[in-house]
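Structure record follows, encoded as structure tokens.
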Amino acid sequence: MRVDILSKEYPPAVYGGAGVHVAELTRALRDRGDTDVRVRCFGAPRDEGGTTGYPDPPGLEGANPALTTMGVDLAMAADCGGADLVHSHTWYANFAGHTASLLHGVPHVVSAHSLEPLRPWKAEQLGGGYRLSSWVERTAYEAAAAVIAVSHGMRADILRSYPDIDPARVHVVHNGIDSQLWQPAQDLDVVRGHGVDPDRPSIVFVGRITRQKGLPHLLRAVRDLPPDVQVVLCAGAPDTPEILAEVGTLIDGLRASREGIVWIPEMLPRHEVIALLSTATVFACPSVYEPLGIVNLEAMACGLPVVATATGGIPEVVVDGETGWLVPIEQVQDGTGAPVDPARFEADLAAALVDALSDADRARARGAAGRRRAVEQFSWTSIGDRTMAVYESVLSQS
């Protein structure tokens, strides 16, 4: 069987959970030894065998980013001849998968990592391109031979957003974690090099500066934390200048009133992220939209308890009272995921963080339970096997 995996992100150009998923899934499928897995991704040529990078097409310089994306997708689709099945990830590659399916007469499987109807703030970033990305996603999902949701919460979102999809075609295969790559490993030189005192309590946030990650809510909650607590923000890749300015203003305000606010805007190597997680007290995930949240699995695999919003697929990863704390949220039903009462959500988030920081032994116990859960229930080997089962079911029906 030959499977062509289509993705915007692929190492070394990975900036979000979808890129991590594609890289790890590809490795798990290739390790099986029974499948020819070829990766087609955006960007520069890759040195990895069976992997092809596609640059932006000439003539679209300065065009809306959605148009440039579709241009790359057409080049990817043209090269899928000979595949038995194509598997696309995120709307950025959905147009390539759908077009390849029509052009070459092969089944198209879609993995759902996020949904455009639940990210309306992207109109700030893409303008009219958001209408294009929404059309691409809807068309691809409704025509796909199978849709893979990364959580049961995501499956419910898919069926609510696209009610014309046959529920029998929507399968749940969770994201995973490589618990050998992600495990506790202290490196105090790295930690101190980023301006963090390993002997003081700290919370860590890792994520892009985008509405869905809820970083402004966390920054407002930080005002209520004990003064000795450090806040380490591995936060970059802003969606828009506006949200970057909002986050920057909130950080400046915090720094004016307390010490220990560390903002790392660049993407760090894995070993440096692990070092920061391994010396932290708690991980914070204030997302208002999160289909699953690989960052929570990464933190758990490093033995860190998690304080996270009880939304999307997060409760399928973080077990309240066992591996962390889940913060309740009542959300506006307009697709944004915004809290109905932001001040209440921020106060509840702050209270959960204060509780997590108040008992170091309890925090360590929940972190150890999180590590066990990550190892036992979210291995990439099992996720590769479950994904292959979806492929086989699709091919048996084609």
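Residues are referred to by chain and number: the chain letter is A, B, ... according to the order shown in the structure tokens, the number counts from 1 in that chain, and ligands are numbered separately from 1 in the order shown.
Residues within 9 Å of segment 55-65 of chain A, counting only C-alpha atoms and excluding same-chain residues fewer than 6 positions away, are A:Cys41, A:Phe42, A:Gly43, A:Ala44, A:Pro45, A:Gly71, A:Val72, A:Ala75, A:Leu126, A:Gly127, A:Gly128, A:Gly129.
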Residues of segment 102-219 of chain A that approach segment 22-27 of chain A to 10 Å or less, counting only C-alpha atoms: could you list each one with the shortest pair of atoms and its distance in Å to one decimal, rows by chain and increasing residue number, as a Markdown table?
| residue | atom | partner | partner_atom | distance |
| --- | --- | --- | --- | --- |
| A:Ser111 | CA | A:Val22 | CA | 9.7 |
| A:Asn175 | CA | A:Leu25 | CA | 9.0 |
| A:Gly176 | CA | A:Glu24 | CA | 8.1 |
| A:Ile177 | CA | A:Glu24 | CA | 8.1 |
| A:Asp178 | CA | A:Glu24 | CA | 7.9 |
**Message:** Applying 9 Å and only C-alpha atoms, which residues near segment 360-368 of chain A remain after dropping the ones on its own chain fewer than 4 positions away? List them as an NGL selection string.
**Reply:** :A and (201 or 281-282 or 299-306 or 321-324 or 356 or 372-373)
Within 10 Å of Arg386 of chain A using only C-alpha atoms, minus same-chain residues under 4 positions, as a short mmCIF file (atom, residue, chain, number, x, y, z; two decimals) with C-alpha atoms, in the first residue's frame:
data_model
loop_
_atom_site.label_atom_id
_atom_site.label_comp_id
_atom_site.auth_asym_id
_atom_site.auth_seq_id
_atom_site.Cartn_x
_atom_site.Cartn_y
_atom_site.Cartn_z
CA HIS A 171 -13.47 7.91 13.43
CA VAL A 172 -11.65 8.84 16.65
CA VAL A 173 -7.89 8.31 16.84
CA HIS A 174 -6.24 10.35 19.57
CA TRP A 380 2.32 6.47 18.73
CA THR A 381 2.62 2.77 17.92
CA SER A 382 -1.00 2.17 18.87
CA VAL A 390 -9.00 3.30 9.10
CA TYR A 391 -7.01 3.12 5.84
CA GLU A 392 -7.80 -0.55 5.43
#
**Request:** For Val394 of chain A, list every protein, DNA or RNA residue within 9 Å, evaluated using only C-alpha atoms, and leave out those in the same chain fewer than 3 positions away; present the list as a list in words.
**Result:** Leu85, Pro107, His108, Val109, Ala145, Ala146, Ala389, Val390, Tyr391, Gln397 and Ser398 of chain A
Can you spit out the residues from that selection as an mmCIF file, in the first residue's frame, using N, CA and C atoms?
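The result, written out as out15.cif:
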data_model
loop_
_atom_site.group_PDB
_atom_site.id
_atom_site.type_symbol
_atom_site.label_atom_id
_atom_site.label_comp_id
_atom_site.auth_asym_id
_atom_site.auth_seq_id
_atom_site.Cartn_x
_atom_site.Cartn_y
_atom_site.Cartn_z
ATOM 1 N N LEU A 85 -3.961 5.846 -1.513
ATOM 2 C CA LEU A 85 -4.795 6.640 -0.614
ATOM 3 C C LEU A 85 -4.027 7.910 -0.277
ATOM 4 N N PRO A 107 -9.089 7.183 -2.639
ATOM 5 C CA PRO A 107 -9.778 7.693 -1.449
ATOM 6 C C PRO A 107 -8.965 8.781 -0.747
ATOM 7 N N HIS A 108 -9.700 9.697 -0.148
ATOM 8 C CA HIS A 108 -9.087 10.780 0.621
ATOM 9 C C HIS A 108 -9.523 10.656 2.073
ATOM 10 N N VAL A 109 -8.548 10.575 2.971
ATOM 11 C CA VAL A 109 -8.799 10.578 4.412
ATOM 12 C C VAL A 109 -8.346 11.925 4.969
ATOM 13 N N ALA A 145 -13.535 10.097 2.143
ATOM 14 C CA ALA A 145 -13.936 8.713 2.413
ATOM 15 C C ALA A 145 -13.989 8.443 3.907
ATOM 16 N N ALA A 146 -13.164 9.151 4.672
ATOM 17 C CA ALA A 146 -13.164 9.022 6.132
ATOM 18 C C ALA A 146 -12.577 10.282 6.735
ATOM 19 N N ALA A 389 -5.841 0.927 10.492
ATOM 20 C CA ALA A 389 -7.145 0.251 10.444
ATOM 21 C C ALA A 389 -8.166 1.094 9.703
ATOM 22 N N VAL A 390 -8.098 2.417 9.851
ATOM 23 C CA VAL A 390 -8.999 3.304 9.100
ATOM 24 C C VAL A 390 -8.678 3.216 7.613
ATOM 25 N N TYR A 391 -7.393 3.261 7.244
ATOM 26 C CA TYR A 391 -7.013 3.125 5.844
ATOM 27 C C TYR A 391 -7.573 1.844 5.246
ATOM 28 N N GLN A 397 -13.687 -0.668 1.025
ATOM 29 C CA GLN A 397 -14.981 -0.204 0.543
ATOM 30 C C GLN A 397 -14.890 0.524 -0.790
ATOM 31 N N SER A 398 -13.652 0.776 -1.254
ATOM 32 C CA SER A 398 -13.499 1.565 -2.490
ATOM 33 C C SER A 398 -13.537 0.652 -3.724
#
**Prompt:** Which polymer residues have any atom within 9 Å of an atom of segment 259-274 of chain A, counting only C-alpha atoms, with same-chain residues fewer than 2 positions away left out, as a VMD selection string?
**Reply:** chain A and resid 15 181 to 187 190 to 191 194 to 197 202 206 227 to 237 251 254 to 257 276 to 279 298 to 299 302
**Request:** Might you pull out every residue within 8 Å of Val354 of chain A, with only C-alpha atoms counted and same-chain residues fewer than 3 positions away left off, and present them as a PyMOL selection string?
**Result:** chain A and resi 225-226+350-351+357-358
**DSSP-assigned alpha helix (DSSP H) among segment 56-237 of chain A, expressed as a PyMOL selection string** = chain A and resi 65-78+91-104+122-126+129-143+152-161+188-193+215-221
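Among the residues of segment 163-207 of chain A, backbone DSSP assigns strand (DSSP E) to A:Val170, A:His171, A:Val172, A:Ser202, A:Ile203, A:Val204, A:Phe205, A:Val206, A:Gly207.
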Sorted per-residue table, segment 205-283 of chain A near segment 336-346 of chain A, closest atoms and distance, 12 Å, only C-alpha atoms, as a Markdown table:
| residue | atom | partner | partner_atom | distance |
| --- | --- | --- | --- | --- |
| A:Thr210 | CA | A:Thr336 | CA | 11.7 |
| A:Arg211 | CA | A:Thr336 | CA | 8.4 |
| A:Gln212 | CA | A:Gly337 | CA | 7.6 |
| A:Lys213 | CA | A:Gly337 | CA | 10.4 |
| A:Gly214 | CA | A:Ala338 | CA | 8.8 |
| A:Leu215 | CA | A:Glu346 | CA | 10.7 |
| A:Pro216 | CA | A:Glu346 | CA | 9.4 |
| A:His217 | CA | A:Glu346 | CA | 5.8 |
| A:Leu218 | CA | A:Glu346 | CA | 6.9 |
| A:Leu219 | CA | A:Glu346 | CA | 8.9 |
| A:Arg220 | CA | A:Glu346 | CA | 6.7 |
| A:Ala221 | CA | A:Glu346 | CA | 5.1 |
| A:Val222 | CA | A:Glu346 | CA | 8.9 |
| A:Arg223 | CA | A:Glu346 | CA | 9.9 |
| A:Asp224 | CA | A:Glu346 | CA | 9.5 |
| A:Leu225 | CA | A:Glu346 | CA | 11.6 |
**Item:** Selected residue, from A:Val86, A:Ile209, A:Ile294, A:Leu74, that lies nearest to Val247 of chain A when counting only C-alpha atoms
**Value:** A:Ile209
**Prompt:** Which residue out of A:Val106, A:Val14, A:Thr139, A:Gly335 has the minimum interatomic distance to Pro120 of chain A when only C-alpha atoms are used?
**Reply:** A:Gly335
**Complete:** Across A:Gln125, A:Thr99, A:Ser114, A:Asn296, the smallest distance to Phe205 of chain A, with only C-alpha atoms counted, is shown by A:Asn296
**Fill in**
In Å and to one decimal, atom CA of Gly248 of chain A is distant from atom CA of Thr69 of chain A by 29.3 Å
